Amino acid sequence: MTQPPSLIWQAPAWPAMHYDVIRLSSELARARRAQGVVEGKLAGTGFEQRLELAAEAWSQDAVATAAIEGERFDLTAVRSSVARRLGVGNQDGPNAPRNVEGLLDIMDDAVARRDAPLSHDRLFAWQAALFPTGYSGLVKILVGAYRQHAEPMQIVSGRIGRQKVHYEAPPSARVPAEMQALLDWFNAQTEHDDLVKAALAHLWFETIHPFEDGNGRIGRVLIDLVLARDSGEVSRLIRTSQRLLNQRNEYYAQLERAQHSGLDVTDWVLWFVEQVRVSCEEASSAVDVALGRGTFWANHQEKVLNARQRKIVNVLLDAGPDGFEGGMSTKKYEGIAGTSRATASRELIELEEMGLLRKVGAGRSTRYYLDIPAWGPADSAGNEAPAD
């Protein structure tokens with residue numbers, strides 16, 4: 001797309017948002033570099049490994065986007081559902097509830113049908129999928145249609161009687177026209193960068209707040225759709241909802257500030273692009289761990305491990321270079337593997353002798369780390385870890 005002719009770009013429809021291209025240029029460049037690093041690293045992975053990475057990222061992001069709204073999903077059930085959809089990993093886990101499957105449906109639709117136009121009907125289907133019973137909790141809501149109630153749609157927090165109103169959305173009567181303006185803009189080639197478009201689309205949608213419920217989750221799926229149009233299947237690895245969950249208070253504060261700051265939304269777009277950049281950096285680290293895992297098992301493919309030992313090694317690999325705090329002790333092995341203290345001690349020694357683990361410390365302070373360069377404590381020769 002071409003660069004806009006002026007430094008301050010004017011949106012073509014309500015709300016007449018604009019942003020400062022010069023202020024955004026540095027962070028956009030950093031985000032694009034981080035995205036390019038992920039794509040480059042993925043080129044070094046096999047097809048199955050890519051699917052496994054995508055499945056885990058998708059699962060975590062689905063749980064995260066629900067958690068932002070205070071809804072808890074069973075990660076195990078989400079993982080098994082995603083595994084069945086992608087044909088990878090453990091597909092024999094528990095079935096997810098219908099509302100969870102509905103969220104996965106719309107997240108999948110955003111990526112798989114990324115080139116299809118966004119329409120009222122498509123949004124209606126997305127919202128209906130989130131509420132298959134027609135209820136949000138114990139409250140019956142309108143599904144598969146924009147809100148129609150006469151009272152104002154207010155975004156509030158706090159206990160009943162002490163609620164704080166953060167924002168009042170446009171009246172219901174205006175929603176169809178406002179959404180048509182958004183859809184016309186969304187389906188056109190309107191922005192000089194898709195990361196900016198994702199930021200504006202999310203803000204615009206949340207500002208209209210067109211549905212009785214589900215606006216936050218659908219608004220974040222719009223981000224998925226724009227990123228999928230930008231980078232295809234690679235976008236599944238960019239866990240933006242997980243990042244927004246980690247920054248939830250600031251996320252809400254930034255949205256509220258943008259909705260009250262007039263037409264200049266530069267600060268919101270700048271903050272959003274930064275979150276995408278961090279998401280890309282986290283995805284890059286996840287690819288590093290996956291590549292490290294593949295190399296590790298390739299180097300030890302001739303070693304014979306029992307099921308407990310393989311489980312422990314995989315736990316350490318999953319945790320990453322700095323993820324398993326304090327290293328693996330006999331006591332931790334005993335608990336994770338479900339075995340006796342004597343067996344745990346013997347099997348850890350065997351893993352060390354086979355060259356899979358490296359021992360640090362002695363006596364009750366003995367800890368084991370994967371024998372991978374730069375994994376575990378820097379001083380592998382012997383600073384003792386605290387005892388259990």
# chains A, B, ... in the order shown; residues from 1 in each chain; ligands from 1
>>> residues_around(residues="region 249-251 of chain A", least_positions_apart="5", cutoff="9 Å", atoms="only C-alpha atoms", output="ChimeraX atom specification")
/A:244,256,271-272
>>> write_last_selection(atoms="C-alpha atoms", output="CSV table (one decimal), in the first residue's frame")
chain,number,residue,atom,x,y,z
A,244,LEU,CA,-3.5,-8.3,26.1
A,256,GLU,CA,-10.8,4.1,27.5
A,271,TRP,CA,0.6,1.0,22.3
A,272,PHE,CA,-1.2,-1.6,20.3
>>> select_by_dssp(residues="region 241-380 of chain A", states="strand (DSSP E or B)", output="count of residues only")
10
>>> closest_residue(among="A:Gln180, A:Asn90, A:Arg79, A:Thr65", to="Ile223 (chain A)", atoms="only C-alpha atoms")
A:Thr65
>>> closest_residue(among="A:Ala374, A:Ser231, A:Asp267, A:Asp61", to="Ala253 (chain A)", atoms="only C-alpha atoms")
A:Asp267
>>> residues_around(residues="Gly294 (chain A)", least_positions_apart="6", cutoff="12 Å", atoms="only C-alpha atoms", output="list in words")
Gly44, Thr45, Gly46, Glu48, Gln49, Arg50, Val287, Asp288, His300, Gln301, Asn314, Leu317 and Asp318 of chain A
>>> residues_around(residues="Arg114 (chain A)", least_positions_apart="3", cutoff="7 Å", atoms="only C-alpha atoms", output="list in words")
Ala110, Val111, Leu225, Ala228 and Arg229 of chain A
>>> write_last_selection(atoms="N, CA, C and O atoms", output="compact mmCIF listing (two decimals), in the first residue's frame")
# COMPACT_ATOMS: atom_id res chain seq x y z
N ALA A 110 -11.61 -16.78 11.13
CA ALA A 110 -10.84 -15.56 10.85
C ALA A 110 -9.56 -15.86 10.09
O ALA A 110 -9.14 -15.08 9.22
N VAL A 111 -8.93 -17.00 10.38
CA VAL A 111 -7.68 -17.34 9.72
C VAL A 111 -7.92 -18.10 8.42
O VAL A 111 -7.37 -17.78 7.37
N LEU A 225 -8.14 -11.58 12.30
CA LEU A 225 -8.46 -11.54 10.88
C LEU A 225 -7.51 -10.63 10.12
O LEU A 225 -6.99 -11.00 9.06
N ALA A 228 -4.11 -12.24 10.00
CA ALA A 228 -4.11 -13.38 9.07
C ALA A 228 -4.03 -12.89 7.63
O ALA A 228 -3.35 -13.50 6.79
N ARG A 229 -4.73 -11.81 7.31
CA ARG A 229 -4.62 -11.25 5.97
C ARG A 229 -3.20 -10.75 5.71
O ARG A 229 -2.72 -10.77 4.58
>>> closest_residue(among="A:Ile218, A:Val265, A:Ala307, A:Ala337", to="His202 (chain A)", atoms="only C-alpha atoms")
A:Ile218
>>> atom_distance(atom1="CA of Pro321 (chain A)", atom2="CA of Val289 (chain A)")
7.8 Å
>>> decode(residues="region 251-268 of chain A", atoms="N, CA, C and O atoms", output="mmCIF file, in the first residue's frame")
data_model
loop_
_atom_site.group_PDB
_atom_site.id
_atom_site.type_symbol
_atom_site.label_atom_id
_atom_site.label_comp_id
_atom_site.auth_asym_id
_atom_site.auth_seq_id
_atom_site.Cartn_x
_atom_site.Cartn_y
_atom_site.Cartn_z
ATOM 1 N N TYR A 251 -4.535 -2.384 29.011
ATOM 2 C CA TYR A 251 -5.357 -2.552 27.803
ATOM 3 C C TYR A 251 -6.668 -1.796 27.937
ATOM 4 O O TYR A 251 -7.048 -1.002 27.068
ATOM 5 N N TYR A 252 -7.369 -2.016 29.043
ATOM 6 C CA TYR A 252 -8.626 -1.312 29.261
ATOM 7 C C TYR A 252 -8.399 0.195 29.378
ATOM 8 O O TYR A 252 -9.188 0.999 28.865
ATOM 9 N N ALA A 253 -7.324 0.574 30.063
ATOM 10 C CA ALA A 253 -7.043 2.004 30.239
ATOM 11 C C ALA A 253 -6.745 2.680 28.904
ATOM 12 O O ALA A 253 -7.191 3.811 28.645
ATOM 13 N N GLN A 254 -6.004 1.992 28.038
ATOM 14 C CA GLN A 254 -5.668 2.561 26.735
ATOM 15 C C GLN A 254 -6.908 2.693 25.858
ATOM 16 O O GLN A 254 -7.075 3.697 25.159
ATOM 17 N N LEU A 255 -7.781 1.678 25.880
ATOM 18 C CA LEU A 255 -9.027 1.774 25.119
ATOM 19 C C LEU A 255 -9.882 2.939 25.610
ATOM 20 O O LEU A 255 -10.391 3.738 24.814
ATOM 21 N N GLU A 256 -10.024 3.033 26.923
ATOM 22 C CA GLU A 256 -10.843 4.103 27.487
ATOM 23 C C GLU A 256 -10.261 5.476 27.144
ATOM 24 O O GLU A 256 -10.993 6.405 26.786
ATOM 25 N N ARG A 257 -8.949 5.601 27.240
ATOM 26 C CA ARG A 257 -8.301 6.881 26.932
ATOM 27 C C ARG A 257 -8.526 7.260 25.473
ATOM 28 O O ARG A 257 -8.810 8.414 25.155
ATOM 29 N N ALA A 258 -8.419 6.267 24.581
ATOM 30 C CA ALA A 258 -8.611 6.549 23.154
ATOM 31 C C ALA A 258 -10.045 6.956 22.847
ATOM 32 O O ALA A 258 -10.296 7.787 21.972
ATOM 33 N N GLN A 259 -10.995 6.381 23.584
ATOM 34 C CA GLN A 259 -12.410 6.691 23.353
ATOM 35 C C GLN A 259 -12.815 8.056 23.905
ATOM 36 O O GLN A 259 -13.884 8.558 23.589
ATOM 37 N N HIS A 260 -11.922 8.662 24.699
ATOM 38 C CA HIS A 260 -12.232 9.957 25.284
ATOM 39 C C HIS A 260 -11.253 11.052 24.854
ATOM 40 O O HIS A 260 -11.364 12.185 25.327
ATOM 41 N N SER A 261 -10.321 10.720 23.969
ATOM 42 C CA SER A 261 -9.252 11.668 23.658
ATOM 43 C C SER A 261 -9.461 12.406 22.352
ATOM 44 O O SER A 261 -8.517 12.956 21.791
ATOM 45 N N GLY A 262 -10.686 12.426 21.821
ATOM 46 C CA GLY A 262 -10.909 13.104 20.555
ATOM 47 C C GLY A 262 -10.538 12.213 19.392
ATOM 48 O O GLY A 262 -10.587 10.984 19.474
ATOM 49 N N LEU A 263 -10.125 12.821 18.305
ATOM 50 C CA LEU A 263 -9.911 12.082 17.070
ATOM 51 C C LEU A 263 -8.489 11.551 16.905
ATOM 52 O O LEU A 263 -8.256 10.681 16.083
ATOM 53 N N ASP A 264 -7.534 12.087 17.641
ATOM 54 C CA ASP A 264 -6.150 11.640 17.516
ATOM 55 C C ASP A 264 -5.947 10.375 18.347
ATOM 56 O O ASP A 264 -5.980 10.414 19.575
ATOM 57 N N VAL A 265 -5.749 9.232 17.673
ATOM 58 C CA VAL A 265 -5.597 7.951 18.364
ATOM 59 C C VAL A 265 -4.175 7.413 18.227
ATOM 60 O O VAL A 265 -3.941 6.216 18.325
ATOM 61 N N THR A 266 -3.224 8.317 18.035
ATOM 62 C CA THR A 266 -1.834 7.901 17.859
ATOM 63 C C THR A 266 -1.341 7.090 19.052
ATOM 64 O O THR A 266 -0.682 6.057 18.895
ATOM 65 N N ASP A 267 -1.652 7.536 20.272
ATOM 66 C CA ASP A 267 -1.157 6.841 21.464
ATOM 67 C C ASP A 267 -1.688 5.407 21.528
ATOM 68 O O ASP A 267 -0.956 4.484 21.884
ATOM 69 N N TRP A 268 -2.977 5.228 21.187
ATOM 70 C CA TRP A 268 -3.542 3.882 21.181
ATOM 71 C C TRP A 268 -2.847 3.000 20.148
ATOM 72 O O TRP A 268 -2.458 1.865 20.450
#
